[in-house]
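Data block for coords_13.csv (CSV, C-alpha atoms):
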```csv
chain,number,residue,atom,x,y,z
K,50,MET,CA,-131.3,-37.5,-52.6
K,51,GLU,CA,-128.1,-37.3,-50.5
K,52,ASP,CA,-126.0,-38.4,-53.5
K,53,ARG,CA,-127.2,-35.6,-55.7
K,54,PRO,CA,-125.0,-32.5,-56.2
K,55,TYR,CA,-126.2,-29.7,-54.0
K,56,MET,CA,-125.4,-26.0,-53.4
K,57,VAL,CA,-125.2,-24.0,-50.3
K,58,ALA,CA,-126.4,-20.5,-51.3
K,59,GLN,CA,-125.8,-17.3,-49.5
K,60,SER,CA,-127.8,-14.1,-49.9
K,61,TYR,CA,-127.0,-10.7,-48.5
K,62,TYR,CA,-130.6,-9.7,-48.8
K,63,GLY,CA,-131.8,-12.7,-46.7
K,64,PHE,CA,-133.9,-15.9,-47.3
K,65,GLU,CA,-137.3,-16.5,-45.7
K,66,ALA,CA,-138.9,-19.7,-44.5
K,67,ASP,CA,-141.4,-19.5,-47.4
K,68,ASP,CA,-138.5,-19.9,-49.8
K,69,PHE,CA,-138.7,-23.7,-49.2
K,70,GLU,CA,-139.3,-25.5,-52.6
K,71,LYS,CA,-138.5,-22.4,-54.6
K,72,THR,CA,-136.0,-22.6,-57.4
K,73,LEU,CA,-132.6,-20.9,-57.8
K,74,VAL,CA,-132.4,-20.4,-61.6
K,75,VAL,CA,-128.8,-19.9,-62.9
K,76,PRO,CA,-128.8,-19.0,-66.7
K,77,GLY,CA,-126.6,-21.4,-68.7
K,78,TYR,CA,-126.2,-23.7,-65.6
K,79,SER,CA,-128.2,-26.2,-63.6
K,80,SER,CA,-131.0,-24.8,-61.5
K,81,PHE,CA,-131.3,-25.7,-57.8
K,82,LEU,CA,-134.3,-26.7,-55.8
K,83,ILE,CA,-134.3,-25.3,-52.2
K,84,VAL,CA,-134.9,-28.2,-49.8
K,85,ARG,CA,-133.9,-26.6,-46.6
K,86,VAL,CA,-133.7,-23.0,-45.3
K,87,ASN,CA,-131.0,-23.0,-42.6
K,88,SER,CA,-131.1,-19.3,-41.8
K,89,SER,CA,-132.0,-16.0,-43.3
K,90,ASN,CA,-128.8,-16.0,-45.4
K,91,LEU,CA,-128.1,-19.7,-45.9
K,92,VAL,CA,-130.1,-22.5,-47.7
K,93,LEU,CA,-129.5,-26.0,-49.0
K,94,ALA,CA,-130.5,-26.7,-52.6
K,95,TYR,CA,-130.3,-29.8,-54.9
K,96,ALA,CA,-129.3,-29.6,-58.5
K,97,THR,CA,-132.1,-30.2,-61.0
K,98,MET,CA,-129.6,-31.1,-63.8
K,99,PRO,CA,-126.7,-32.8,-62.0
K,100,LEU,CA,-124.7,-33.4,-65.2
K,101,LEU,CA,-124.4,-29.6,-65.7
K,102,THR,CA,-123.1,-29.1,-62.2
K,103,ILE,CA,-119.5,-28.4,-61.3
K,104,TYR,CA,-118.4,-28.8,-57.7
K,105,TYR,CA,-116.8,-26.0,-55.7
K,106,VAL,CA,-117.9,-23.2,-58.0
K,107,LEU,CA,-119.0,-19.9,-56.5
K,108,ILE,CA,-121.9,-18.2,-58.2
K,109,GLU,CA,-122.4,-14.6,-57.3
K,110,GLU,CA,-125.8,-13.5,-56.1
K,111,GLU,CA,-126.4,-11.2,-59.1
K,112,ASN,CA,-125.9,-14.3,-61.4
K,113,TRP,CA,-128.9,-16.3,-60.1
K,114,PHE,CA,-132.6,-15.6,-59.7
K,115,LEU,CA,-135.2,-16.9,-57.3
K,116,TYR,CA,-138.5,-18.3,-58.7
K,117,ASP,CA,-141.5,-19.9,-57.1
K,118,PHE,CA,-142.4,-22.9,-59.2
K,119,SER,CA,-143.9,-24.9,-56.3
K,120,SER,CA,-147.6,-25.9,-56.1
K,121,ARG,CA,-147.6,-25.4,-52.4
K,122,ASN,CA,-149.1,-21.9,-52.6
K,123,GLY,CA,-151.2,-22.5,-55.7
K,124,THR,CA,-149.0,-20.2,-57.8
K,125,TRP,CA,-149.0,-22.5,-60.8
K,126,ARG,CA,-150.1,-26.0,-61.8
K,127,ILE,CA,-149.8,-28.5,-64.7
K,128,TYR,CA,-153.0,-29.8,-66.3
K,129,GLU,CA,-154.0,-31.5,-69.5
K,130,ASN,CA,-155.5,-29.3,-72.1
K,131,GLU,CA,-158.9,-30.1,-73.6
K,132,CYS,CA,-159.1,-32.1,-76.8
K,133,TYR,CA,-158.9,-30.1,-80.0
K,134,THR,CA,-158.0,-32.9,-82.4
K,135,TRP,CA,-159.7,-35.9,-84.0
K,136,ILE,CA,-158.1,-38.7,-86.0
K,137,GLU,CA,-159.9,-41.4,-87.9
K,138,ALA,CA,-159.1,-44.1,-90.5
K,139,ALA,CA,-160.7,-42.8,-93.6
K,140,ASN,CA,-160.7,-46.1,-95.5
K,141,ASN,CA,-162.5,-48.0,-92.7
K,142,VAL,CA,-159.5,-50.0,-91.5
K,143,HIS,CA,-159.3,-51.0,-87.9
K,144,LEU,CA,-157.7,-48.5,-85.5
K,145,ASN,CA,-154.9,-50.9,-84.8
K,146,PRO,CA,-154.8,-53.1,-87.9
K,147,PHE,CA,-152.6,-56.3,-88.4
K,148,VAL,CA,-151.4,-56.5,-92.0
K,149,LEU,CA,-149.8,-59.5,-93.6
K,150,LEU,CA,-147.6,-58.7,-96.6
K,151,ASP,CA,-146.2,-61.2,-99.0
K,152,LEU,CA,-142.9,-60.6,-100.9
K,153,ASN,CA,-143.1,-57.1,-102.6
K,154,ASP,CA,-146.8,-56.7,-101.6
K,155,THR,CA,-148.1,-53.2,-101.2
K,156,VAL,CA,-150.9,-51.8,-99.0
K,157,ASN,CA,-152.3,-48.3,-98.8
K,158,PHE,CA,-153.7,-46.5,-95.7
K,159,GLU,CA,-155.5,-43.2,-95.5
K,160,PHE,CA,-156.1,-41.2,-92.3
K,161,LYS,CA,-157.9,-38.0,-91.6
K,162,PHE,CA,-157.1,-35.4,-89.0
K,163,SER,CA,-159.1,-32.3,-87.9
K,164,THR,CA,-158.2,-29.7,-85.4
K,165,ARG,CA,-159.6,-26.5,-83.9
K,166,LYS,CA,-156.1,-25.4,-82.9
K,167,ALA,CA,-154.3,-23.3,-85.6
K,168,GLY,CA,-150.7,-24.0,-86.4
K,169,SER,CA,-150.6,-27.5,-84.7
K,170,GLN,CA,-148.3,-30.2,-86.0
K,171,VAL,CA,-150.3,-32.7,-88.0
K,172,PHE,CA,-148.8,-36.2,-88.3
K,173,LYS,CA,-145.7,-37.9,-87.1
K,174,ILE,CA,-144.7,-41.3,-88.5
K,175,THR,CA,-142.4,-43.8,-86.6
K,176,VAL,CA,-141.3,-47.1,-88.1
K,177,GLY,CA,-140.0,-49.8,-85.7
K,178,ASN,CA,-137.9,-51.7,-88.2
K,179,PRO,CA,-137.3,-49.4,-91.2
K,180,HIS,CA,-135.1,-52.1,-93.0
K,181,LEU,CA,-138.1,-54.5,-93.4
K,182,ILE,CA,-140.4,-52.2,-95.4
K,183,GLN,CA,-140.5,-49.3,-97.7
K,184,ILE,CA,-142.9,-46.6,-96.7
K,185,SER,CA,-143.9,-43.4,-98.5
K,186,SER,CA,-146.3,-40.7,-97.1
K,187,LYS,CA,-148.1,-37.8,-98.6
K,188,SER,CA,-150.3,-35.3,-96.8
K,189,ARG,CA,-152.7,-32.7,-98.0
K,190,TRP,CA,-155.5,-30.5,-96.9
K,191,ASP,CA,-159.0,-30.8,-98.3
K,192,GLU,CA,-161.5,-28.0,-98.9
K,193,THR,CA,-163.1,-28.5,-95.5
K,194,GLY,CA,-159.9,-28.0,-93.6
K,195,LEU,CA,-159.2,-31.7,-92.9
K,196,SER,CA,-155.6,-32.9,-93.1
K,197,ILE,CA,-155.4,-36.3,-95.0
K,198,LEU,CA,-152.4,-38.6,-94.8
K,199,ASN,CA,-151.8,-41.3,-97.4
K,200,LEU,CA,-149.4,-44.1,-96.5
K,201,VAL,CA,-148.0,-46.6,-99.0
K,202,VAL,CA,-146.2,-49.6,-97.4
K,203,THR,CA,-144.3,-52.1,-99.4
K,204,SER,CA,-142.4,-55.1,-98.1
K,205,ASN,CA,-138.8,-55.5,-99.1
K,206,PHE,CA,-138.0,-58.5,-101.2
K,207,ASN,CA,-136.7,-61.7,-99.4
K,208,LEU,CA,-137.0,-60.2,-95.9
K,209,ARG,CA,-139.2,-61.6,-93.2
K,210,GLY,CA,-140.2,-60.3,-89.8
K,211,TYR,CA,-142.5,-57.9,-87.9
K,212,THR,CA,-142.5,-54.2,-87.6
K,213,THR,CA,-144.8,-51.5,-86.3
K,214,ILE,CA,-145.9,-48.2,-87.9
K,215,LEU,CA,-147.0,-45.5,-85.4
K,216,VAL,CA,-149.1,-42.6,-86.7
K,217,THR,CA,-149.3,-40.0,-83.9
K,218,ILE,CA,-150.4,-36.4,-83.5
K,219,PRO,CA,-147.6,-34.8,-81.3
K,220,GLU,CA,-149.7,-31.9,-80.0
K,221,ALA,CA,-152.9,-33.9,-79.3
K,222,SER,CA,-154.2,-33.8,-75.8
K,223,LEU,CA,-154.3,-37.0,-73.8
K,224,LEU,CA,-158.0,-36.4,-73.2
K,225,CYS,CA,-158.6,-37.1,-76.9
K,226,PRO,CA,-160.1,-40.6,-77.5
K,227,ILE,CA,-157.4,-41.4,-80.1
K,228,THR,CA,-153.9,-39.8,-80.2
K,229,CYS,CA,-152.0,-42.6,-81.9
K,230,LEU,CA,-152.6,-45.4,-84.4
K,231,ALA,CA,-150.4,-48.5,-84.4
K,232,ILE,CA,-150.2,-50.6,-87.6
K,233,ILE,CA,-148.6,-54.1,-87.1
K,234,VAL,CA,-147.0,-55.4,-90.3
K,235,GLN,CA,-145.8,-59.0,-90.8
K,236,CYS,CA,-143.7,-59.6,-93.8
K,237,SER,CA,-143.7,-63.3,-94.7
K,238,CYS,CA,-145.4,-65.9,-96.9
K,239,PRO,CA,-149.1,-66.1,-95.8
K,240,ALA,CA,-149.9,-69.3,-93.9
K,241,ARG,CA,-152.8,-70.1,-96.3
K,242,LYS,CA,-150.7,-69.8,-99.4
K,243,ALA,CA,-149.6,-73.1,-101.0
K,244,ILE,CA,-147.8,-74.4,-104.1
K,245,VAL,CA,-149.8,-77.0,-105.9
K,246,TYR,CA,-148.3,-79.5,-108.4
K,247,LEU,CA,-150.4,-80.4,-111.4
K,248,SER,CA,-149.4,-83.6,-113.1
K,249,HIS,CA,-149.5,-83.8,-116.9
K,250,LYS,CA,-151.5,-87.0,-116.5
K,251,TYR,CA,-154.7,-87.0,-114.6
K,252,VAL,CA,-154.8,-89.3,-111.6
K,253,SER,CA,-158.1,-89.7,-109.8
K,254,GLU,CA,-158.5,-89.7,-106.0
K,255,HIS,CA,-159.5,-93.4,-106.1
K,256,GLU,CA,-156.3,-94.3,-108.0
K,257,TRP,CA,-154.2,-92.4,-105.5
K,258,LEU,CA,-155.9,-94.2,-102.6
K,259,HIS,CA,-156.2,-97.7,-104.0
K,260,GLY,CA,-153.7,-97.9,-106.8
K,261,LEU,CA,-154.1,-98.3,-110.6
K,262,SER,CA,-156.4,-100.9,-111.9
K,263,GLU,CA,-156.3,-102.9,-115.2
K,264,ASN,CA,-158.9,-100.5,-116.7
K,265,SER,CA,-156.8,-97.4,-115.9
K,266,THR,CA,-155.7,-95.2,-118.8
K,267,ILE,CA,-152.4,-94.6,-117.1
K,268,GLU,CA,-149.4,-97.0,-117.4
K,269,PHE,CA,-149.2,-99.4,-114.5
K,270,ASN,CA,-145.8,-98.1,-113.2
K,271,PHE,CA,-146.9,-94.4,-113.1
K,272,LEU,CA,-147.6,-94.7,-109.3
K,273,LYS,CA,-145.5,-96.3,-106.7
K,274,GLU,CA,-146.7,-97.7,-103.4
K,275,LEU,CA,-144.1,-96.8,-100.8
K,276,PRO,CA,-142.6,-99.4,-98.4
K,277,VAL,CA,-143.8,-99.2,-94.8
K,278,ASN,CA,-142.1,-96.5,-92.7
K,279,TYR,CA,-140.3,-95.3,-95.9
K,280,ARG,CA,-137.8,-92.5,-95.8
K,281,PRO,CA,-136.1,-91.1,-99.0
K,282,PRO,CA,-132.3,-91.6,-99.5
K,283,SER,CA,-129.9,-88.9,-98.5
K,284,THR,CA,-126.6,-87.5,-99.9
K,285,PHE,CA,-124.9,-90.2,-97.7
K,286,GLY,CA,-126.4,-93.0,-99.8
K,287,ILE,CA,-129.5,-95.0,-100.5
K,288,ASN,CA,-129.1,-97.1,-97.3
K,289,LEU,CA,-128.6,-94.1,-95.0
K,290,PRO,CA,-131.8,-92.0,-94.8
K,291,VAL,CA,-131.7,-89.0,-92.5
K,292,SER,CA,-135.0,-87.3,-93.3
K,293,GLU,CA,-137.3,-86.4,-90.5
K,294,ASN,CA,-140.3,-87.3,-92.6
K,295,ILE,CA,-141.7,-90.8,-92.6
K,296,TYR,CA,-144.1,-92.0,-95.3
K,297,ASN,CA,-146.7,-94.9,-95.1
K,298,ALA,CA,-146.1,-95.0,-91.4
K,299,ASP,CA,-146.9,-98.0,-89.2
K,300,PRO,CA,-145.5,-97.7,-85.6
K,301,SER,CA,-145.9,-101.5,-85.1
K,302,LYS,CA,-143.2,-102.2,-87.7
K,303,PRO,CA,-139.5,-101.3,-87.9
K,304,LYS,CA,-138.4,-98.2,-89.8
K,305,TYR,CA,-137.2,-98.6,-93.4
K,306,ARG,CA,-133.5,-99.0,-93.8
K,307,ASN,CA,-132.8,-98.1,-90.3
K,308,PHE,CA,-129.3,-99.6,-90.2
K,309,TYR,CA,-126.9,-96.8,-89.1
K,310,GLU,CA,-126.8,-94.7,-85.9
K,311,LEU,CA,-127.4,-91.5,-87.9
K,312,SER,CA,-130.6,-92.9,-89.3
K,313,LYS,CA,-131.7,-94.1,-85.9
K,314,LYS,CA,-131.4,-90.6,-84.5
K,315,THR,CA,-133.5,-89.0,-87.2
K,316,GLY,CA,-137.0,-89.6,-88.5
K,317,ARG,CA,-140.1,-88.9,-86.3
K,318,TYR,CA,-143.8,-89.7,-86.5
K,319,LYS,CA,-146.2,-86.9,-86.7
K,320,GLN,CA,-149.8,-88.2,-87.3
K,321,CYS,CA,-148.7,-91.5,-85.7
K,322,ALA,CA,-146.8,-90.0,-82.8
K,323,MET,CA,-147.4,-91.9,-79.5
K,324,LYS,CA,-149.5,-94.5,-81.4
K,325,LYS,CA,-148.9,-98.2,-81.4
K,326,THR,CA,-150.5,-99.3,-84.6
K,327,ARG,CA,-151.3,-97.8,-88.0
K,328,GLU,CA,-155.1,-97.9,-87.3
K,329,GLU,CA,-154.6,-95.7,-84.2
K,330,CYS,CA,-153.0,-93.0,-86.4
K,331,GLY,CA,-156.4,-91.9,-87.6
K,332,CYS,CA,-155.4,-91.2,-91.2
K,333,THR,CA,-158.3,-89.9,-93.3
K,334,ASP,CA,-158.6,-90.0,-97.1
K,335,GLU,CA,-157.8,-86.2,-97.2
K,336,MET,CA,-154.6,-86.8,-95.2
K,337,ARG,CA,-153.6,-89.7,-97.6
K,338,LEU,CA,-154.1,-87.3,-100.5
K,339,SER,CA,-152.4,-84.3,-98.9
K,340,SER,CA,-148.9,-83.2,-99.9
K,341,PHE,CA,-148.4,-81.3,-96.6
K,342,VAL,CA,-145.4,-82.4,-94.5
K,343,GLN,CA,-147.5,-82.9,-91.4
K,344,TYR,CA,-149.4,-85.7,-93.1
K,345,SER,CA,-146.5,-87.6,-94.5
K,346,ASP,CA,-147.2,-90.5,-92.2
K,347,CYS,CA,-150.5,-91.1,-94.1
K,348,ARG,CA,-149.0,-90.8,-97.6
K,349,GLN,CA,-149.0,-94.3,-99.3
K,350,ARG,CA,-148.4,-93.6,-103.0
K,351,VAL,CA,-146.2,-91.2,-105.0
K,352,ARG,CA,-145.4,-90.5,-108.6
K,353,ALA,CA,-142.8,-93.0,-109.8
K,354,LEU,CA,-139.7,-91.5,-111.6
K,355,LEU,CA,-136.9,-93.5,-113.0
K,356,ILE,CA,-133.3,-92.4,-112.6
K,357,ASP,CA,-132.8,-91.1,-116.2
K,358,GLU,CA,-136.3,-89.9,-116.6
K,359,LYS,CA,-137.1,-86.2,-116.9
K,360,ILE,CA,-140.3,-84.6,-115.6
K,361,SER,CA,-142.0,-81.4,-116.6
K,362,SER,CA,-144.4,-79.9,-114.1
K,363,SER,CA,-146.7,-76.9,-113.6
K,364,LEU,CA,-146.6,-75.1,-110.3
K,365,PHE,CA,-149.4,-72.8,-109.2
K,366,CYS,CA,-149.7,-70.6,-106.1
K,367,ILE,CA,-153.2,-70.7,-104.5
K,368,PHE,CA,-154.8,-69.5,-101.3
K,369,ALA,CA,-156.7,-72.1,-99.3
K,370,LEU,CA,-159.8,-70.2,-98.2
K,371,HIS,CA,-161.4,-73.1,-96.5
K,372,CYS,CA,-160.0,-76.1,-94.7
K,373,SER,CA,-161.7,-79.5,-94.7
K,374,PRO,CA,-163.2,-80.3,-91.3
K,375,SER,CA,-161.7,-83.8,-91.4
K,376,ILE,CA,-158.1,-82.5,-91.6
```

Target encoding structure tokens, full file:
Amino acid sequence: MEDRPYMVAQSYYGFEADDFEKTLVVPGYSSFLIVRVNSSNLVLAYATMPLLTIYYVLIEEENWFLYDFSSRNGTWRIYENECYTWIEAANNVHLNPFVLLDLNDTVNFEFKFSTRKAGSQVFKITVGNPHLIQISSKSRWDETGLSILNLVVTSNFNLRGYTTILVTIPEASLLCPITCLAIIVQCSCPARKAIVYLSHKYVSEHEWLHGLSENSTIEFNFLKELPVNYRPPSTFGINLPVSENIYNADPSKPKYRNFYELSKKTGRYKQCAMKKTREECGCTDEMRLSSFVQYSDCRQRVRALLIDEKISSSLFCIFALHCSPSI
């Protein structure tokens, strides 16, 4: 308090002891709160807005006024008004929903607002990260006097991240059960969305797991059984793999083409991490058939492709609604 600008005020009409905590109001200038009454014509007051205060300025008595804003004598008080407003999610969404948007996905929200206070401001919308989404709003009044807000939220193409959308009623009382709705939006590819490759030739699960037999309708070299602890070649050459993914893993055997220091520093087990033998990895048939990176240790066979051979494929996006309990 001692570092704040203060004013020593003089009054020819005299101050009283009850002027303690009263306010000297100076129009166009900072007001001053009386903190000590020294005498009948001298008081000490602190500035309520120090940035507007200029030192060593004399303010004549007719240019300031004395008001009692203190609560000491019960002259005034601050209290929260009763609740006049109600807000609800009209389309039965949660009060604080979490929304996952894929690229260019759009979601719609509808909220209703009712009030008994005429002329009150209806909705205020605040977006935490406006660069991540496109948002449009439209409000209207229905025949019963309810204000309805429609929000259309669209994720921007090729942008990932989180943002919040706050829908508030600025004039709502804090005694109301709901004064603000927070919508959390995540813009990214959904975790359950996957790209599935469909081969132009059908390969059964038994053939993927155990290889092609003499009775198979597919040519014998269509599938390739990978070497133990195989890693694909890199741009540095066929004998210098640097991929972190290991296929057909067996921790009891050396890594495939692990000749150079760069290769020795890369490549890590996932399903076989901290295991000593292949049997301890616990690979299931579902893991051996999976194309997910986390199960590369269990993958034994792949589609064989010669250097000059061309391949045409079909890719489909699907949502995995259920996960196998064994994976």

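Put simply, atom CA of K:Ser301 is 26.2 Å away from atom CA of K:Glu256.
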
With only C-alpha atoms counted, which protein, DNA or RNA residues have an atom no more than 12 Å from (-155.0, -30.7, -92.0) in the file frame? Please answer as a PDB file with C-alpha atoms, keeping the file's coordinate frame.
```
ATOM      1  CA  THR K 134    -158.000 -32.900 -82.400  1.00  0.00           C
ATOM      2  CA  TRP K 135    -159.700 -35.900 -84.000  1.00  0.00           C
ATOM      3  CA  ILE K 136    -158.100 -38.700 -86.000  1.00  0.00           C
ATOM      4  CA  PHE K 160    -156.100 -41.200 -92.300  1.00  0.00           C
ATOM      5  CA  LYS K 161    -157.900 -38.000 -91.600  1.00  0.00           C
ATOM      6  CA  PHE K 162    -157.100 -35.400 -89.000  1.00  0.00           C
ATOM      7  CA  SER K 163    -159.100 -32.300 -87.900  1.00  0.00           C
ATOM      8  CA  THR K 164    -158.200 -29.700 -85.400  1.00  0.00           C
ATOM      9  CA  ARG K 165    -159.600 -26.500 -83.900  1.00  0.00           C
ATOM     10  CA  LYS K 166    -156.100 -25.400 -82.900  1.00  0.00           C
ATOM     11  CA  ALA K 167    -154.300 -23.300 -85.600  1.00  0.00           C
ATOM     12  CA  GLY K 168    -150.700 -24.000 -86.400  1.00  0.00           C
ATOM     13  CA  SER K 169    -150.600 -27.500 -84.700  1.00  0.00           C
ATOM     14  CA  GLN K 170    -148.300 -30.200 -86.000  1.00  0.00           C
ATOM     15  CA  VAL K 171    -150.300 -32.700 -88.000  1.00  0.00           C
ATOM     16  CA  PHE K 172    -148.800 -36.200 -88.300  1.00  0.00           C
ATOM     17  CA  LYS K 187    -148.100 -37.800 -98.600  1.00  0.00           C
ATOM     18  CA  SER K 188    -150.300 -35.300 -96.800  1.00  0.00           C
ATOM     19  CA  ARG K 189    -152.700 -32.700 -98.000  1.00  0.00           C
ATOM     20  CA  TRP K 190    -155.500 -30.500 -96.900  1.00  0.00           C
ATOM     21  CA  ASP K 191    -159.000 -30.800 -98.300  1.00  0.00           C
ATOM     22  CA  GLU K 192    -161.500 -28.000 -98.900  1.00  0.00           C
ATOM     23  CA  THR K 193    -163.100 -28.500 -95.500  1.00  0.00           C
ATOM     24  CA  GLY K 194    -159.900 -28.000 -93.600  1.00  0.00           C
ATOM     25  CA  LEU K 195    -159.200 -31.700 -92.900  1.00  0.00           C
ATOM     26  CA  SER K 196    -155.600 -32.900 -93.100  1.00  0.00           C
ATOM     27  CA  ILE K 197    -155.400 -36.300 -95.000  1.00  0.00           C
ATOM     28  CA  LEU K 198    -152.400 -38.600 -94.800  1.00  0.00           C
ATOM     29  CA  ILE K 218    -150.400 -36.400 -83.500  1.00  0.00           C
TER      30      ILE K 218
END
```

Interatomic distance, atom CA of K:Lys302 to atom CA of K:Asp334 (Å, one decimal):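 So the two atoms, atom CA of K:Lys302 and atom CA of K:Asp334, lie 21.8 Å apart.
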
Each stretch 193-303 of chain K residue no farther than 9 Å from stretch 146-149 of chain K, nearest pair in Å, all atoms listed in the file, as CSV:
```
residue,atom,partner,partner_atom,distance
K:Leu230,CA,K:Pro146,CA,8.7
K:Ala231,CA,K:Pro146,CA,7.3
K:Ile232,CA,K:Pro146,CA,5.2
K:Ile233,CA,K:Phe147,CA,4.7
K:Val234,CA,K:Val148,CA,4.8
K:Gln235,CA,K:Leu149,CA,4.9
K:Cys236,CA,K:Leu149,CA,6.1
K:Ser237,CA,K:Leu149,CA,7.3
K:Cys238,CA,K:Leu149,CA,8.4
K:Pro239,CA,K:Leu149,CA,7.0
```

Quick check, in Å to one decimal: how far apart do atom CA of K:Asn207 and atom CA of K:Phe158 lie? 23.1 Å

Looking at K:Leu181, K:Cys132, K:Leu215, K:Val291, which one is nearest to K:Gly316, with distances taken over only C-alpha atoms?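 Nearest candidate to K:Gly316 out of K:Leu181, K:Cys132, K:Leu215, K:Val291: K:Val291.
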
List every protein, DNA or RNA residue with an atom no more than 12 Å from (-145.7, -94.3, -85.2) in the file's coordinates, counting only C-alpha atoms, and format the result as a PyMOL selection string. chain K and resi 277-278+294-304+316-332+345-347

Pick out the residues sitting within 8 Å of K:Leu258, and hand them over as a ChimeraX atom specification; count all atoms listed in the file, and ignore anything fewer than 6 positions along from it in its own chain. /K:334,337-338,349-350

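Checking K:Ser89, K:Ile108, K:Tyr133, K:Phe81 one by one against K:Ser222, counting only C-alpha atoms, you find the shortest gap at K:Tyr133.
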